[in-house]
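Engineer: Here's a structure for you.
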Amino acid sequence: MMKRLSLRICSLFVFCGMFGYLSAQDNLENRIEKMLSKMTLRQKIGQMNQVNARKPDGKLYQQIRNGEVGSILNAEDPVLLNQLQKAAVDSSQLGIPLLFARDVIHGFKTIFPIPLGQAASFNPEIVEEGARVAAVEASENGIRWTFAPMMDISRDPRWGRIAESFGEDTYLSEVMAVAMVKGFQGKDLSDPSSIAACAKHFIGYGAVEGGRDYNISNIPERQLRNVYLPPFERSIQEAGCATIMTSFNSNNGIPPSASKFLLTDLLRKEWKFDGVVVSDWASVSIMVTQGFCEDKKEAAKKAANAGLEIEMVSGCFIDHLEQLVKEGAVSEETINNAVRNILRLKYKLGLFDNPYTDLRPERKIYAAEHLKAAKKAAEESFVLLKNEQDILPLGNDIKTVAVIGPLADAPHDQMGTWCFDGEKEYTQTPLEALKKQFGKNVNFIYEQTLAFSRDKDKTKFPKAIEAALKSDVILLFVGEESILSGEAHSLAGLDLVGAQSELLSELSKTGKPIVTVIMAGRPLTIAKELDLSDAVLYAWHPGTMGGPALAGILFGKSYPSGKLPVTIPRYVGQIPLYYSHEKIGRPAKKNEVLLDDIPSEAKQSSLGNTSYYLDAGFDALFDFGYGLSYTTFEYSDLTLSKDILSKDEVLQVSVALKNTGKREGCEVVQLYTSDIAASIAPLVKELKDFKRVTLKPGEQQVVTFDLPIQKLAFWNYEMKKVVEPGKFDVMVGGNSVDLLTRRFTVK
Ligand code: GLC
């Protein structure tokens with residue numbers, strides 16, 4: 001009896017709970033419909049219009065009062081935001097609040113490493129934490145929508161925006177994108193510290209031909225689904241990403257801002273996305289230049305009918321949609337659906353109830369815990385590429401250090417690209433941090449030598465040599481100014497710019513040990529510099545706390561654990577060069593540069609028939625997933641729970657990992673799989689999981705992965721996402737090349 005009663009009571013609770021959820025959902029949809037029913041066509045279109053507020057003038061205030069603006073980007077002063085908001089809430093007929101947006105890409109005031117650097121940590125927790133910090137700082141300024149994470153799969157370092165990406169790998173990008181969305185959006189969008197995330201750029205922008213920004217891409221649907229779309233899909237399905245931004249590149253001849261396949265068939269029908277789709281900056285009007293539309297009116301028509309909902313700054317919607325509806329070229333239902341999604345986002349953010357920014361005096365920007373998180377992220381982003389004779393970490397025997405180069409004390413450039421609101425006054429540089437942390441026992445001699453990375457003036461070289469000759473070790477800080485990566489900053493060459501390489505050559509003649517620290521927004525072709533250095537640490541652009549992080553790592557207060565999220569080529573001519581490429585019929589067998597060894601009048605087929613360059617061999621300078629630490633690790637005993645499995649089973653994979661060195665270290669254990677044969681050319685390997693494992697010297701641990709066989713699914717010849725039966729290899733190791741391998745079969 002009691003049992004039945006308790007069953008009834010708990011089912012009642014469940015029903016109420018469900019009912020409670022349903023009523024909240026119903027309540028939201030009712031509020032949306034109620035508001036929609038009050039709106040004129042022009043007011044609806046107003047919600048679809050996003051305006052740039054770099055200079056908020058009388059015209060903008062009038063547009064707001066007319067209900068012709070739904071969201072604003074690039075206003076970031078909270079007092080101004082409240083003034084703009086007041087005009088909307090108090091003076092427009094319906095009082096619909098504005099949504100304020102900003103590019104908060106890797107920090108608002110406290111700047112974290114560029115996303116490519118954050119990806120090198122292989123640690124989603126620090127990525128989520130960084131986004132949370134950014135959301136807290138941006139939202140207290142009134143920003144409630146960020147145009148991040150950028151999750152374009154990027155395999156061409158000539159493209160400056162690789163800096164904003166999570167690199168070349170689909171799985172790593174999925175994991176980091178989900179983490180960053182969660183960090184921005186927090187537990188609930190209605191929390192005042194939550195900001196709506198934006199999965200961008202939809203789609204294929206990282207594959208622009210030639211690495212030239214704003215160029216075209218030609219990615220077939222199957223490759224879109226297997227390589228480029230997964231981070232977007234998971235950001236929506238797993239993290240509830242609130243918005244999506246369409247990209248500039250036309251893909252297969254269609255600009256995504258007017259692609260019905262992408263914005264309606266895929267996003268809405270297949271993925272059931274109920275968020276908002278925003279264009280990129282004027283990507284609607286640009287379709288006229290792309291020759292895809294005759295004029296801005298046709299651009300408005302094609303974009304709206306494809307499913308674009310908010311137009312960023314180019315004014316096609318606000319100028320032409322009303323007429324297009326009257327002409328029947330765009331249905332009012334299309335407008336209604338767009339406005340429903342926009343209103344839903346604003347209700348979810350709580351803007352109707354709390355439209356204003358709380359101008360409370362105590363601010364969280366640059367809070368100690370924020371700086372601490374930024375330092376940790378920087379530490380984990382560094383990738384140690386070379387460490388001859390364990391020169392690092394620097395020991396107590398080091399009494400004099402020559403700190404040389406244009407990036408040793410470059411507070412602006414250290415922050416990297418896309419940090420609109422970062423303030424260089426708060427950047428702590430390597431020079432400052434080295435002196436502060438170790439200046440008591442170490443004499444640091446600083447010679448900038450080159451005023452900036454592109455500087456070709458060698459007149460200060462002698463002073464650098466003089467400092468080097470007095471030192472026990474040289475710390476050389478070179479790389480790229482921040483302006484050299486990011487949007488519209490493609491490079492045709494990836495060698496160190498200016499006279500940086502010559503400076504290194506001259507310093508190497510002193511015979512002093514050289515530790516080269518590279519700050520850059522992309523992989524650079526550093527083969528020559530690698531040979532001239534005893535140690536090389538890739539620091540990306542490490543952000544506000546890059547200095548303390550680097551100083552601690554260089555002197556052993558912490559240790560590097562990062563792994564490359566992107567391949568580093570030997571030559572720019574090898575690009576695109578990435579690890580997870582499709583299998584080919586004649587892969588290169590060995591890495592050899594034949595050019596100088598070819599006999600004259602060599603016979604046509606005398607050099608073999610495999611896929612490599614006569615003048616460059618085939619391998620990368622450094623492969624995806626590569627990174628050293630201050631200790632060494634040994635992998636052994638790769639074992640599988642079963643050799644034959646069905647599609648719905650989970651394969652347990654375990655490997656013994658031992659710290660065989662003298663120092664503690666953290667190893668990113670990587671698990672790859674390879675499909676031996678499939679209905680389309682399978683990839684040579686692809687990352688499916690990874691784990692960060694910290695071990696003390698001599699410590700050994702069995703690292704176990706659960707690999708659901710469903711994770712092997714891919715979009716096949718019939719364009720179905722399936723696991724095809726057959727043989728597979730599973731590979732585990734500390735990078736994408738040195739791997740233990742075992743084979744298994746899927747029934
Ligand atoms: C830019 C970028 C996009 C950014 C937007 C707003 O052109 O392509 O990533 O979010 O405009 O600044």
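The way I read the labels, and the way they are meant: chains A, B, ... in the order of the structure tokens, residue 1 as the first residue of every chain, and ligand 1 as the first ligand shown, with later ones counted on from there.
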Just want the residues within 9 Å of ligand 1, written as an MDAnalysis selection string, counting only C-alpha atoms and all ligand atoms.

Structural biologist: chainID A and resid 73:74 101:105 146:148 150 198 200:201 214 245 247:248 279:283 312 487:488

Engineer: Please produce a file of the residues just selected, as an mmCIF file, in the first residue's frame, where the atoms kept are N, CA and C atoms.

Structural biologist:
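Below is the file that was written, out.cif:
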data_model
loop_
_atom_site.group_PDB
_atom_site.id
_atom_site.type_symbol
_atom_site.label_atom_id
_atom_site.label_comp_id
_atom_site.auth_asym_id
_atom_site.auth_seq_id
_atom_site.Cartn_x
_atom_site.Cartn_y
_atom_site.Cartn_z
ATOM 1 N N LEU A 73 26.252 46.428 -32.230
ATOM 2 C CA LEU A 73 27.596 45.906 -31.921
ATOM 3 C C LEU A 73 28.558 47.080 -31.824
ATOM 4 N N ASN A 74 29.619 46.833 -31.079
ATOM 5 C CA ASN A 74 30.732 47.782 -30.927
ATOM 6 C C ASN A 74 30.417 49.006 -30.114
ATOM 7 N N ALA A 101 26.148 43.440 -28.575
ATOM 8 C CA ALA A 101 27.083 42.378 -28.987
ATOM 9 C C ALA A 101 28.487 42.930 -29.125
ATOM 10 N N ARG A 102 29.451 42.017 -29.009
ATOM 11 C CA ARG A 102 30.867 42.448 -29.095
ATOM 12 C C ARG A 102 31.703 41.218 -29.436
ATOM 13 N N ASP A 103 32.841 41.429 -30.089
ATOM 14 C CA ASP A 103 33.766 40.312 -30.324
ATOM 15 C C ASP A 103 34.617 40.077 -29.087
ATOM 16 N N VAL A 104 34.110 39.278 -28.181
ATOM 17 C CA VAL A 104 34.874 38.902 -26.996
ATOM 18 C C VAL A 104 35.444 37.523 -27.312
ATOM 19 N N ILE A 105 36.613 37.507 -27.967
ATOM 20 C CA ILE A 105 37.096 36.272 -28.593
ATOM 21 C C ILE A 105 37.943 35.434 -27.642
ATOM 22 N N THR A 146 28.387 37.517 -27.510
ATOM 23 C CA THR A 146 29.725 37.595 -28.084
ATOM 24 C C THR A 146 29.741 36.841 -29.413
ATOM 25 N N PHE A 147 30.568 37.314 -30.325
ATOM 26 C CA PHE A 147 30.705 36.623 -31.612
ATOM 27 C C PHE A 147 31.873 35.639 -31.514
ATOM 28 N N ALA A 148 31.647 34.649 -30.668
ATOM 29 C CA ALA A 148 32.646 33.587 -30.434
ATOM 30 C C ALA A 148 31.897 32.407 -29.827
ATOM 31 N N MET A 150 34.903 31.082 -32.463
ATOM 32 C CA MET A 150 35.208 30.786 -33.866
ATOM 33 C C MET A 150 35.701 29.345 -33.901
ATOM 34 N N CYS A 198 28.219 32.473 -30.009
ATOM 35 C CA CYS A 198 27.941 32.502 -31.450
ATOM 36 C C CYS A 198 28.902 31.571 -32.168
ATOM 37 N N LYS A 200 30.825 30.348 -35.022
ATOM 38 C CA LYS A 200 31.183 30.968 -36.301
ATOM 39 C C LYS A 200 32.461 30.346 -36.848
ATOM 40 N N HIS A 201 32.702 30.446 -38.193
ATOM 41 C CA HIS A 201 31.840 31.075 -39.194
ATOM 42 C C HIS A 201 31.243 29.955 -40.029
ATOM 43 N N TYR A 214 38.600 35.949 -47.186
ATOM 44 C CA TYR A 214 37.413 36.326 -47.974
ATOM 45 C C TYR A 214 37.390 35.625 -49.327
ATOM 46 N N MET A 245 26.833 32.350 -36.782
ATOM 47 C CA MET A 245 27.156 33.419 -37.728
ATOM 48 C C MET A 245 27.571 32.830 -39.070
ATOM 49 N N SER A 247 29.305 32.827 -42.851
ATOM 50 C CA SER A 247 30.671 33.232 -43.219
ATOM 51 C C SER A 247 30.723 33.963 -44.548
ATOM 52 N N PHE A 248 31.837 34.640 -44.764
ATOM 53 C CA PHE A 248 32.034 35.447 -45.975
ATOM 54 C C PHE A 248 32.237 34.593 -47.221
ATOM 55 N N SER A 279 24.301 37.393 -39.753
ATOM 56 C CA SER A 279 25.293 37.427 -40.850
ATOM 57 C C SER A 279 26.628 37.889 -40.292
ATOM 58 N N ASP A 280 27.656 37.773 -41.129
ATOM 59 C CA ASP A 280 28.901 38.411 -40.748
ATOM 60 C C ASP A 280 28.821 39.868 -41.206
ATOM 61 N N TRP A 281 29.862 40.623 -40.933
ATOM 62 C CA TRP A 281 29.868 42.060 -41.205
ATOM 63 C C TRP A 281 29.585 42.342 -42.689
ATOM 64 N N ALA A 282 28.366 42.801 -42.964
ATOM 65 C CA ALA A 282 27.962 43.157 -44.336
ATOM 66 C C ALA A 282 28.042 41.969 -45.293
ATOM 67 N N SER A 283 28.001 40.752 -44.759
ATOM 68 C CA SER A 283 28.102 39.592 -45.669
ATOM 69 C C SER A 283 26.851 39.476 -46.522
ATOM 70 N N MET A 312 23.980 42.005 -40.133
ATOM 71 C CA MET A 312 24.975 42.858 -39.478
ATOM 72 C C MET A 312 25.329 43.993 -40.417
ATOM 73 N N GLU A 487 41.993 38.723 -38.852
ATOM 74 C CA GLU A 487 41.195 38.934 -40.066
ATOM 75 C C GLU A 487 41.904 39.791 -41.103
ATOM 76 N N ALA A 488 41.826 39.345 -42.353
ATOM 77 C CA ALA A 488 42.356 40.068 -43.517
ATOM 78 C C ALA A 488 43.875 40.136 -43.492
#

Engineer: Which residue, A:Glu379, A:Glu140, A:Asp188, A:Asp358, has the smallest gap to Gly547 of chain A when you use only C-alpha atoms?

Structural biologist: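 Closest residue, counting only C-alpha atoms: A:Glu379.
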
Engineer: Point out the residue among A:Leu554, A:Ala199, A:Ala678, A:Leu640 with the least atom-to-atom distance to Phe714 of chain A, counting only C-alpha atoms.

Structural biologist: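 Checking each candidate against Phe714 of chain A, we get A:Ala678 as the closest.
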
Engineer: Among segment 301-458 of chain A, which residues does DSSP mark as helix (DSSP H, G or I) when it is run on the backbone? Keep the chain and numbering as in the structure and answer as a PyMOL selection string.

Structural biologist: chain A and resi 301-306+316-326+332-348+368-381+388-390+413-415+424-426+430-438

Engineer: Near Val732 of chain A, counting only C-alpha atoms, which residues have an atom at most 8 Å away, once you skip same-chain residues fewer than 6 positions from it, shown as a ChimeraX atom specification?

Structural biologist: /A:638,655,669-672,739-741

Engineer: Go ahead and save the picked residues with N, CA and C atoms, as a PDB file, in the first residue's frame.

Structural biologist:
ATOM      1  N   LEU A 638      49.643  -1.582 -24.808  1.00  0.00           N
ATOM      2  CA  LEU A 638      48.342  -1.143 -25.340  1.00  0.00           C
ATOM      3  C   LEU A 638      47.437  -2.361 -25.434  1.00  0.00           C
ATOM      4  N   VAL A 655      46.445   1.734 -21.824  1.00  0.00           N
ATOM      5  CA  VAL A 655      47.879   1.800 -22.128  1.00  0.00           C
ATOM      6  C   VAL A 655      48.617   2.139 -20.844  1.00  0.00           C
ATOM      7  N   VAL A 669      47.752  12.265 -23.409  1.00  0.00           N
ATOM      8  CA  VAL A 669      47.703  10.952 -24.061  1.00  0.00           C
ATOM      9  C   VAL A 669      46.617  11.017 -25.127  1.00  0.00           C
ATOM     10  N   GLN A 670      46.992  10.704 -26.353  1.00  0.00           N
ATOM     11  CA  GLN A 670      46.072  10.885 -27.478  1.00  0.00           C
ATOM     12  C   GLN A 670      45.666   9.531 -28.056  1.00  0.00           C
ATOM     13  N   LEU A 671      44.378   9.431 -28.374  1.00  0.00           N
ATOM     14  CA  LEU A 671      43.868   8.191 -28.977  1.00  0.00           C
ATOM     15  C   LEU A 671      43.354   8.484 -30.379  1.00  0.00           C
ATOM     16  N   TYR A 672      43.913   7.772 -31.347  1.00  0.00           N
ATOM     17  CA  TYR A 672      43.516   7.935 -32.746  1.00  0.00           C
ATOM     18  C   TYR A 672      42.925   6.618 -33.241  1.00  0.00           C
ATOM     19  N   LEU A 739      53.131   6.186 -32.186  1.00  0.00           N
ATOM     20  CA  LEU A 739      51.911   5.605 -31.611  1.00  0.00           C
ATOM     21  C   LEU A 739      52.033   4.090 -31.474  1.00  0.00           C
ATOM     22  N   LEU A 740      51.445   3.539 -30.428  1.00  0.00           N
ATOM     23  CA  LEU A 740      51.266   2.085 -30.329  1.00  0.00           C
ATOM     24  C   LEU A 740      49.958   1.760 -31.043  1.00  0.00           C
ATOM     25  N   THR A 741      49.926   0.628 -31.741  1.00  0.00           N
ATOM     26  CA  THR A 741      48.747   0.324 -32.565  1.00  0.00           C
ATOM     27  C   THR A 741      48.201  -1.072 -32.267  1.00  0.00           C
TER      28      THR A 741
END

Engineer: So what do you get for atom CA of Val566 of chain A versus atom CA of Glu502 of chain A, distance-wise?

Structural biologist: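 A separation of 26.2 Å between them.
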
Engineer: When DSSP is applied to the backbone of this structure, which of segment 274-397 of chain A are assigned strand (DSSP E)? Write them out as a PyMOL selection string.

Structural biologist: chain A and resi 276-278+311-312+383-387

Engineer: Hey, which of A:Val133, A:Leu394, A:Leu434, A:Ala24 ends up closest to Lys364 of chain A? Count only C-alpha atoms.

Structural biologist: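 Nearest to Lys364 of chain A: A:Val133.
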